[in-house]
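K.L.:
Okay, so here is upload.pdb, and as you'll see once you scroll down, it has PDB, C-alpha atoms and all ligand atoms.
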ATOM      1  CA  MET A  10      -4.133   5.345  -2.492  1.00  0.00           C
ATOM      2  CA  ALA A  11      -3.438   7.571  -5.500  1.00  0.00           C
ATOM      3  CA  ALA A  12       0.214   6.563  -5.326  1.00  0.00           C
ATOM      4  CA  ALA A  13      -0.670   2.875  -5.297  1.00  0.00           C
ATOM      5  CA  ALA A  14      -2.950   3.290  -8.306  1.00  0.00           C
ATOM      6  CA  LEU A  15      -0.137   5.028 -10.130  1.00  0.00           C
ATOM      7  CA  VAL A  16       2.299   2.235  -9.329  1.00  0.00           C
ATOM      8  CA  ILE A  17      -0.149  -0.379 -10.551  1.00  0.00           C
ATOM      9  CA  PHE A  18      -0.788   1.613 -13.695  1.00  0.00           C
ATOM     10  CA  PHE A  19       2.932   1.629 -14.452  1.00  0.00           C
ATOM     11  CA  ILE A  20       3.287  -2.075 -13.757  1.00  0.00           C
ATOM     12  CA  VAL A  21       0.505  -2.849 -16.206  1.00  0.00           C
ATOM     13  CA  ALA A  22       1.797  -0.379 -18.800  1.00  0.00           C
ATOM     14  CA  GLY A  23       5.315  -1.744 -18.387  1.00  0.00           C
ATOM     15  CA  ALA A  24       4.158  -5.315 -18.833  1.00  0.00           C
ATOM     16  CA  GLY A  25       2.306  -4.302 -21.978  1.00  0.00           C
ATOM     17  CA  VAL A  26       5.380  -2.630 -23.412  1.00  0.00           C
ATOM     18  CA  ALA A  27       7.547  -5.616 -22.527  1.00  0.00           C
ATOM     19  CA  PHE A  28       5.085  -7.929 -24.205  1.00  0.00           C
ATOM     20  CA  VAL A  29       5.054  -5.877 -27.371  1.00  0.00           C
ATOM     21  CA  ALA A  30       8.839  -5.534 -27.406  1.00  0.00           C
ATOM     22  CA  PHE A  31       9.550  -9.217 -26.791  1.00  0.00           C
ATOM     23  CA  SER A  32       7.123 -10.226 -29.471  1.00  0.00           C
ATOM     24  CA  GLY A  33       8.751  -8.086 -32.134  1.00  0.00           C
ATOM     25  CA  GLY A  34       6.353  -5.180 -32.650  1.00  0.00           C
ATOM     26  CA  PRO A  35       2.652  -4.489 -32.129  1.00  0.00           C
ATOM     27  CA  GLY A  36       1.459  -6.604 -35.049  1.00  0.00           C
ATOM     28  CA  ARG A  37       3.495  -9.599 -34.053  1.00  0.00           C
ATOM     29  CA  ALA A  38       2.564  -9.150 -30.425  1.00  0.00           C
ATOM     30  CA  ARG A  39      -1.109  -9.342 -31.214  1.00  0.00           C
ATOM     31  CA  GLU A  40      -0.546 -12.306 -33.413  1.00  0.00           C
ATOM     32  CA  ALA A  41       1.600 -14.000 -30.831  1.00  0.00           C
ATOM     33  CA  TYR A  42      -0.976 -13.537 -28.127  1.00  0.00           C
ATOM     34  CA  LEU A  43      -3.968 -14.519 -30.220  1.00  0.00           C
ATOM     35  CA  THR A  44      -2.435 -17.476 -32.001  1.00  0.00           C
ATOM     36  CA  GLY A  45      -0.585 -18.635 -28.944  1.00  0.00           C
ATOM     37  CA  GLY A  46       2.680 -18.471 -30.834  1.00  0.00           C
ATOM     38  CA  ARG A  47       4.506 -17.968 -27.603  1.00  0.00           C
ATOM     39  CA  ARG A  48       3.302 -20.057 -24.736  1.00  0.00           C
ATOM     40  CA  PHE A  49       5.260 -17.857 -22.387  1.00  0.00           C
ATOM     41  CA  PHE A  50       2.866 -14.960 -22.818  1.00  0.00           C
ATOM     42  CA  ARG A  51      -0.179 -17.110 -22.717  1.00  0.00           C
ATOM     43  CA  ILE A  52       0.832 -18.135 -19.247  1.00  0.00           C
ATOM     44  CA  VAL A  53       2.411 -14.928 -17.981  1.00  0.00           C
ATOM     45  CA  LEU A  54      -0.293 -12.456 -19.006  1.00  0.00           C
ATOM     46  CA  PRO A  55      -3.199 -14.163 -17.250  1.00  0.00           C
ATOM     47  CA  LEU A  56      -1.021 -14.515 -14.180  1.00  0.00           C
ATOM     48  CA  LEU A  57      -0.223 -10.821 -14.373  1.00  0.00           C
ATOM     49  CA  TYR A  58      -3.890  -9.869 -14.570  1.00  0.00           C
ATOM     50  CA  LEU A  59      -4.644 -12.188 -11.718  1.00  0.00           C
ATOM     51  CA  GLY A  60      -1.902 -10.508  -9.684  1.00  0.00           C
ATOM     52  CA  VAL A  61      -3.282  -7.046 -10.363  1.00  0.00           C
ATOM     53  CA  GLY A  62      -6.780  -8.278  -9.613  1.00  0.00           C
ATOM     54  CA  ILE A  63      -5.623  -9.288  -6.164  1.00  0.00           C
ATOM     55  CA  ALA A  64      -3.215  -6.404  -5.598  1.00  0.00           C
ATOM     56  CA  VAL A  65      -5.714  -3.607  -6.282  1.00  0.00           C
ATOM     57  CA  PRO A  66      -8.376  -4.700  -3.795  1.00  0.00           C
ATOM     58  CA  ALA A  67      -5.632  -5.540  -1.294  1.00  0.00           C
ATOM     59  CA  VAL A  68      -4.201  -2.034  -1.529  1.00  0.00           C
ATOM     60  CA  VAL A  69      -7.651  -0.493  -1.233  1.00  0.00           C
ATOM     61  CA  ILE A  70      -8.437  -2.517   1.878  1.00  0.00           C
ATOM     62  CA  ALA A  71      -5.038  -1.855   3.428  1.00  0.00           C
ATOM     63  CA  SER A  72      -5.166   1.905   2.905  1.00  0.00           C
ATOM     64  CA  ARG A  73      -8.689   2.155   4.229  1.00  0.00           C
ATOM     65  CA  HIS A  74      -7.658   0.380   7.376  1.00  0.00           C
ATOM     66  CA  SER A  75      -4.741   2.680   8.093  1.00  0.00           C
ATOM     67  CA  ALA A  76      -6.934   5.736   7.567  1.00  0.00           C
ATOM     68  CA  GLU A  77      -9.388   4.698  10.238  1.00  0.00           C
ATOM     69  CA  GLY A  78      -7.488   4.026  13.426  1.00  0.00           C
ATOM     70  CA  GLY A  79      -4.940   6.807  13.403  1.00  0.00           C
ATOM     71  CA  VAL A  80      -1.958   6.343  15.703  1.00  0.00           C
ATOM     72  CA  GLY A  81      -1.279   5.648  19.348  1.00  0.00           C
ATOM     73  CA  THR A  82      -3.294   3.752  21.921  1.00  0.00           C
ATOM     74  CA  LEU A  83      -6.451   3.848  19.896  1.00  0.00           C
ATOM     75  CA  ALA A  84      -5.084   2.498  16.652  1.00  0.00           C
ATOM     76  CA  GLY A  85      -7.183  -0.431  15.575  1.00  0.00           C
ATOM     77  CA  LYS A  86      -9.194  -0.392  18.773  1.00  0.00           C
ATOM     78  CA  GLN A  87     -11.587   2.504  19.048  1.00  0.00           C
ATOM     79  CA  GLY A  88     -10.871   4.478  15.941  1.00  0.00           C
ATOM     80  CA  THR A  89     -14.248   6.110  15.864  1.00  0.00           C
ATOM     81  CA  LYS A  90     -14.675   9.768  15.062  1.00  0.00           C
ATOM     82  CA  GLN A  91     -16.180  10.395  18.464  1.00  0.00           C
ATOM     83  CA  VAL A  92     -13.093   9.066  20.245  1.00  0.00           C
ATOM     84  CA  GLN A  93     -10.763  11.063  18.024  1.00  0.00           C
ATOM     85  CA  ARG A  94     -12.795  14.144  18.759  1.00  0.00           C
ATOM     86  CA  GLY A  95     -12.777  13.391  22.462  1.00  0.00           C
ATOM     87  CA  LYS A  96      -9.004  13.080  22.374  1.00  0.00           C
ATOM     88  CA  MET A  97      -8.664  16.467  20.736  1.00  0.00           C
ATOM     89  CA  LEU A  98     -11.084  18.066  23.192  1.00  0.00           C
ATOM     90  CA  PHE A  99      -9.248  16.507  26.121  1.00  0.00           C
ATOM     91  CA  ARG A 100      -5.960  18.030  24.964  1.00  0.00           C
ATOM     92  CA  GLN A 101      -7.602  21.419  24.639  1.00  0.00           C
ATOM     93  CA  THR A 102      -9.792  21.457  27.729  1.00  0.00           C
ATOM     94  CA  CYS A 103      -8.566  19.009  30.335  1.00  0.00           C
ATOM     95  CA  ALA A 104      -4.856  18.343  29.853  1.00  0.00           C
ATOM     96  CA  SER A 105      -3.877  21.558  31.648  1.00  0.00           C
ATOM     97  CA  CYS A 106      -5.262  20.193  34.916  1.00  0.00           C
ATOM     98  CA  HIS A 107      -5.161  16.405  34.542  1.00  0.00           C
ATOM     99  CA  SER A 108      -2.518  13.810  33.809  1.00  0.00           C
ATOM    100  CA  LEU A 109      -3.500  11.109  31.324  1.00  0.00           C
ATOM    101  CA  ALA A 110      -0.832   8.858  29.859  1.00  0.00           C
ATOM    102  CA  ALA A 111      -2.750   8.145  26.645  1.00  0.00           C
ATOM    103  CA  VAL A 112      -2.208  11.730  25.474  1.00  0.00           C
ATOM    104  CA  ASN A 113       0.898  12.441  27.555  1.00  0.00           C
ATOM    105  CA  ALA A 114      -1.032  14.982  29.596  1.00  0.00           C
ATOM    106  CA  ARG A 115       0.842  16.177  32.683  1.00  0.00           C
ATOM    107  CA  GLY A 116      -1.565  18.484  34.476  1.00  0.00           C
ATOM    108  CA  VAL A 117      -1.246  18.528  38.279  1.00  0.00           C
ATOM    109  CA  THR A 118      -4.124  20.747  39.423  1.00  0.00           C
ATOM    110  CA  GLY A 119      -6.578  17.860  39.292  1.00  0.00           C
ATOM    111  CA  PRO A 120      -6.086  14.160  40.016  1.00  0.00           C
ATOM    112  CA  ASN A 121      -4.192  11.908  37.622  1.00  0.00           C
ATOM    113  CA  LEU A 122      -7.022  10.284  35.694  1.00  0.00           C
ATOM    114  CA  ASP A 123      -5.003   7.078  35.343  1.00  0.00           C
ATOM    115  CA  GLN A 124      -4.939   6.733  39.117  1.00  0.00           C
ATOM    116  CA  ILE A 125      -8.461   7.371  40.387  1.00  0.00           C
ATOM    117  CA  GLY A 126      -9.766   3.843  40.024  1.00  0.00           C
ATOM    118  CA  GLN A 127     -12.332   2.912  37.460  1.00  0.00           C
ATOM    119  CA  VAL A 128     -13.299   5.768  35.177  1.00  0.00           C
ATOM    120  CA  THR A 129     -16.603   5.121  33.491  1.00  0.00           C
ATOM    121  CA  ARG A 130     -18.302   7.323  30.930  1.00  0.00           C
ATOM    122  CA  GLN A 131     -20.884   8.214  33.513  1.00  0.00           C
ATOM    123  CA  ARG A 132     -18.224   9.278  36.010  1.00  0.00           C
ATOM    124  CA  VAL A 133     -16.644  11.633  33.482  1.00  0.00           C
ATOM    125  CA  LEU A 134     -20.007  13.032  32.406  1.00  0.00           C
ATOM    126  CA  ASN A 135     -20.847  13.573  36.024  1.00  0.00           C
ATOM    127  CA  ALA A 136     -17.539  15.315  36.709  1.00  0.00           C
ATOM    128  CA  LEU A 137     -18.186  17.613  33.751  1.00  0.00           C
ATOM    129  CA  ARG A 138     -21.695  18.435  34.852  1.00  0.00           C
ATOM    130  CA  ILE A 139     -21.090  19.190  38.519  1.00  0.00           C
ATOM    131  CA  GLY A 140     -17.364  19.996  38.352  1.00  0.00           C
ATOM    132  CA  GLY A 141     -15.267  17.088  39.624  1.00  0.00           C
ATOM    133  CA  THR A 142     -16.995  15.712  42.709  1.00  0.00           C
ATOM    134  CA  GLY A 143     -18.870  18.929  43.181  1.00  0.00           C
ATOM    135  CA  ASP A 144     -16.725  20.603  45.822  1.00  0.00           C
ATOM    136  CA  GLY A 145     -15.863  23.487  43.539  1.00  0.00           C
ATOM    137  CA  ARG A 146     -12.276  22.684  42.692  1.00  0.00           C
ATOM    138  CA  MET A 147     -13.022  21.734  39.086  1.00  0.00           C
ATOM    139  CA  PRO A 148     -15.134  24.153  37.051  1.00  0.00           C
ATOM    140  CA  ALA A 149     -18.565  22.762  36.174  1.00  0.00           C
ATOM    141  CA  GLY A 150     -19.850  22.677  32.609  1.00  0.00           C
ATOM    142  CA  LEU A 151     -16.476  22.837  30.876  1.00  0.00           C
ATOM    143  CA  LEU A 152     -17.991  20.776  28.086  1.00  0.00           C
ATOM    144  CA  THR A 153     -21.617  19.932  27.388  1.00  0.00           C
ATOM    145  CA  GLY A 154     -23.722  17.873  25.010  1.00  0.00           C
ATOM    146  CA  ALA A 155     -21.925  16.014  22.251  1.00  0.00           C
ATOM    147  CA  ASN A 156     -18.552  17.378  23.332  1.00  0.00           C
ATOM    148  CA  ALA A 157     -19.005  16.050  26.851  1.00  0.00           C
ATOM    149  CA  HIS A 158     -19.996  12.656  25.475  1.00  0.00           C
ATOM    150  CA  ALA A 159     -17.006  12.546  23.147  1.00  0.00           C
ATOM    151  CA  VAL A 160     -14.555  13.295  25.968  1.00  0.00           C
ATOM    152  CA  ALA A 161     -16.302  10.841  28.288  1.00  0.00           C
ATOM    153  CA  THR A 162     -16.049   8.073  25.694  1.00  0.00           C
ATOM    154  CA  PHE A 163     -12.413   8.833  25.088  1.00  0.00           C
ATOM    155  CA  VAL A 164     -11.330   9.124  28.726  1.00  0.00           C
ATOM    156  CA  SER A 165     -13.226   6.024  29.853  1.00  0.00           C
ATOM    157  CA  SER A 166     -11.611   4.007  27.059  1.00  0.00           C
ATOM    158  CA  VAL A 167      -8.025   4.942  27.947  1.00  0.00           C
ATOM    159  CA  ALA A 168      -7.838   5.948  31.630  1.00  0.00           C
ATOM    160  CA  GLY A 169      -5.742   3.615  33.733  1.00  0.00           C
ATOM    161  CA  ARG A 170      -4.382   1.754  30.729  1.00  0.00           C
ATOM    162  CA  GLY A 171      -1.165   3.691  30.255  1.00  0.00           C
ATOM    163  CA  ASN A 172       0.347   4.432  26.896  1.00  0.00           C
ATOM    164  CA  PRO A 173       1.730   1.251  25.367  1.00  0.00           C
TER     165      PRO A 173
HETATM  166  C1  LIG A 201      -9.085  23.964  36.223  1.00  0.00           C
HETATM  167  C2  LIG A 201      -8.553  22.643  36.326  1.00  0.00           C
HETATM  168  C3  LIG A 201      -9.359  21.490  35.750  1.00  0.00           C
HETATM  169  C4  LIG A 201      -9.780  21.312  34.465  1.00  0.00           C
HETATM  170  C5  LIG A 201      -9.570  22.258  33.273  1.00  0.00           C
HETATM  171  C6  LIG A 201     -10.432  20.024  34.409  1.00  0.00           C
HETATM  172  N1  LIG A 201     -10.424  19.454  35.641  1.00  0.00           N
HETATM  173 FE1  LIG A 201     -11.201  17.638  36.124  1.00  0.00          FE
HETATM  174  N2  LIG A 201     -10.730  17.937  38.059  1.00  0.00           N
HETATM  175  C7  LIG A 201     -10.049  19.040  38.565  1.00  0.00           C
HETATM  176  C8  LIG A 201      -9.900  18.893  40.002  1.00  0.00           C
HETATM  177  C9  LIG A 201      -9.217  19.900  40.916  1.00  0.00           C
HETATM  178  C10 LIG A 201     -10.515  17.691  40.338  1.00  0.00           C
HETATM  179  C11 LIG A 201     -10.676  17.071  41.720  1.00  0.00           C
HETATM  180  C12 LIG A 201     -11.749  17.826  42.466  1.00  0.00           C
HETATM  181  C13 LIG A 201     -12.891  16.981  42.795  1.00  0.00           C
HETATM  182  O1  LIG A 201     -12.743  15.747  42.809  1.00  0.00           O
HETATM  183  O2  LIG A 201     -13.944  17.572  43.069  1.00  0.00           O
HETATM  184  C14 LIG A 201     -11.020  17.096  39.089  1.00  0.00           C
HETATM  185  C15 LIG A 201     -11.674  15.886  39.022  1.00  0.00           C
HETATM  186  C16 LIG A 201     -11.991  15.243  37.831  1.00  0.00           C
HETATM  187  C17 LIG A 201     -12.519  13.901  37.718  1.00  0.00           C
HETATM  188  C18 LIG A 201     -12.727  12.920  38.851  1.00  0.00           C
HETATM  189  C19 LIG A 201     -14.082  13.021  39.407  1.00  0.00           C
HETATM  190  C20 LIG A 201     -14.325  11.844  40.311  1.00  0.00           C
HETATM  191  O3  LIG A 201     -15.324  11.187  40.117  1.00  0.00           O
HETATM  192  O4  LIG A 201     -13.478  11.576  41.179  1.00  0.00           O
HETATM  193  C21 LIG A 201     -12.704  13.654  36.407  1.00  0.00           C
HETATM  194  C22 LIG A 201     -13.223  12.358  35.780  1.00  0.00           C
HETATM  195  C23 LIG A 201     -12.339  14.850  35.692  1.00  0.00           C
HETATM  196  N3  LIG A 201     -11.912  15.796  36.571  1.00  0.00           N
HETATM  197  C24 LIG A 201     -12.412  14.989  34.324  1.00  0.00           C
HETATM  198  C25 LIG A 201     -12.084  16.160  33.646  1.00  0.00           C
HETATM  199  C26 LIG A 201     -12.272  16.325  32.235  1.00  0.00           C
HETATM  200  C27 LIG A 201     -12.773  15.251  31.297  1.00  0.00           C
HETATM  201  C28 LIG A 201     -11.873  17.577  31.937  1.00  0.00           C
HETATM  202  C29 LIG A 201     -11.891  18.271  30.582  1.00  0.00           C
HETATM  203  C30 LIG A 201     -13.172  18.500  30.006  1.00  0.00           C
HETATM  204  C31 LIG A 201     -11.437  18.208  33.158  1.00  0.00           C
HETATM  205  N4  LIG A 201     -11.601  17.305  34.175  1.00  0.00           N
HETATM  206  C32 LIG A 201     -10.959  19.498  33.253  1.00  0.00           C
HETATM  207  C33 LIG A 201      -9.575  20.110  37.838  1.00  0.00           C
HETATM  208  C34 LIG A 201      -9.779  20.327  36.493  1.00  0.00           C
END
Show me, as structure tokens, the structure contained in the file I just sent.
P.N.:
Amino acid sequence: MAAAALVIFFIVAGAGVAFVAFSGGPGRAREAYLTGGRRFFRIVLPLLYLGVGIAVPAVVIASRHSAEGGVGTLAGKQGTKQVQRGKMLFRQTCASCHSLAAVNARGVTGPNLDQIGQVTRQRVLNALRIGGTGDGRMPAGLLTGANAHAVATFVSSVAGRGNP
């Protein structure tokens, strides 16, 4: 964003300098613009301002968009903070035991989460609370509270969908 603002600043400054130079000095430039001595500038300058008026908001909107989604499967889809957090927590806490294509996890201790049928938020939360299906092979309570919810939201939104 700062870079874009800088570029626009230079475009405007450059246009101003060109205007002054073409018109034969600051005094003449002012005169030319005000009296309409040169039709060229009367047409070009408004167009220029119009262009900047469109370019600035466009750049602002574009850069805000790219900041939100991040990269990978989630870009543009579920770019919420919770999902991003869940992704990070999954890498830290779950990837050692589970495979999940969305984060290129290759754990083999537990089942491949892309291949256990439908994975809902509730199923993940449940697995976290009781430890897998409760037969003691997955530790219970690995994550709790907001962390558990973040991972559940993330996993349920990507499991079984591969990594396009
Ligand atoms: C120490 C290895 C290990 C870790 C770490 C681990 N799991 Fe598991 N997980 C397992 C095993 C083993 C199973 C299968 C055992 C079972 O189904 O009871 C399992 C099963 C599951 C299931 C399937 C439950 C079902 O309904 O069939 C889900 C979902 C799951 N884990 C999610 C996670 C998440 C999310 C994390 C990270 C917070 C995680 N696991 C961390 C070993 C692990």
K.L.:
Excluding Arg138 in chain A and any residue of its chain fewer than 2 positions from it, enumerate the residues within 9 Å of it, using all atoms listed in the file, and give them as a list in words.
P.N.:
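Returned residues: Val133, Leu134, Asn135, Ala136, Gly140, Gly141, Gly143, Pro148, Ala149, Gly150, Leu151, Leu152, Thr153 and Ala157 of chain A.
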K.L.:
Given the file shown, enumerate the residues that the PyMOL selection byres (((not hetatm)) within 6 of (chain A and resi 201)) captures and present them as an MDAnalysis selection string.
P.N.:
chainID A and resid 99 102:103 105:106 118:120 132:133 136 141:144 146:147 151:152 160
K.L.:
Expressed in Å to a single decimal, how great is the separation between CA of Lys90 in chain A and CA of Ala14 in chain A?
P.N.:
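Taking CA of Lys90 in chain A as the start and CA of Ala14 in chain A as the end point, the length is 26.9 Å.
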K.L.:
When you draw a straight line from CA of Val117 in chain A to CA of Thr89 in chain A, how long is it in Å?
P.N.:
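Interatomic distance here is 28.7 Å.
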K.L.:
Which value, in Å to one decimal, gives the distance between CA of Asn113 in chain A and CA of Arg130 in chain A?
P.N.:
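Result for CA of Asn113 in chain A versus CA of Arg130 in chain A: 20.2 Å, one decimal.
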K.L.:
Considering all atoms listed in the file, return as an NGL selection string whatever protein or nucleic-acid residues lie within 10 Å of Gly126 in chain A, sequence-local ones (same chain, fewer than 3 positions apart) excluded.
P.N.:
:A and (122-123 or 129 or 168-169)
K.L.:
Run the PyMOL selection byres (((chain A and resi 110) around 12) and not hetatm) against the file shown and list the residues it catches, as an MDAnalysis selection string.
P.N.:
chainID A and resid 81:82 96 99:100 104 107:109 111:116 121:124 164 167:173
K.L.:
Taking all atoms of range 121-131 of chain A that appear in the file, build a box with edges along x, y and z, extend it by 6 Å on every side, and state its centre and edge lengths in Å to one decimal, as JSON.
P.N.:
{"center_x": -12.5, "center_y": 7.4, "center_z": 35.7, "size_x": 28.7, "size_y": 21.0, "size_z": 21.5}
K.L.:
Which of these residues is nearest to Ala13 in chain A, using only C-alpha atoms: A:Arg39, A:Val61, A:Gly33, A:Ile52?
P.N.:
A:Val61
K.L.:
Using all atoms listed in the file, pick whichever of A:Thr162, A:Gln91, A:Gln101, A:Asn156 has the shortest atom-to-atom distance to Gln131 in chain A.
P.N.:
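With all atoms listed in the file as the atom set, the closest residue is A:Thr162.
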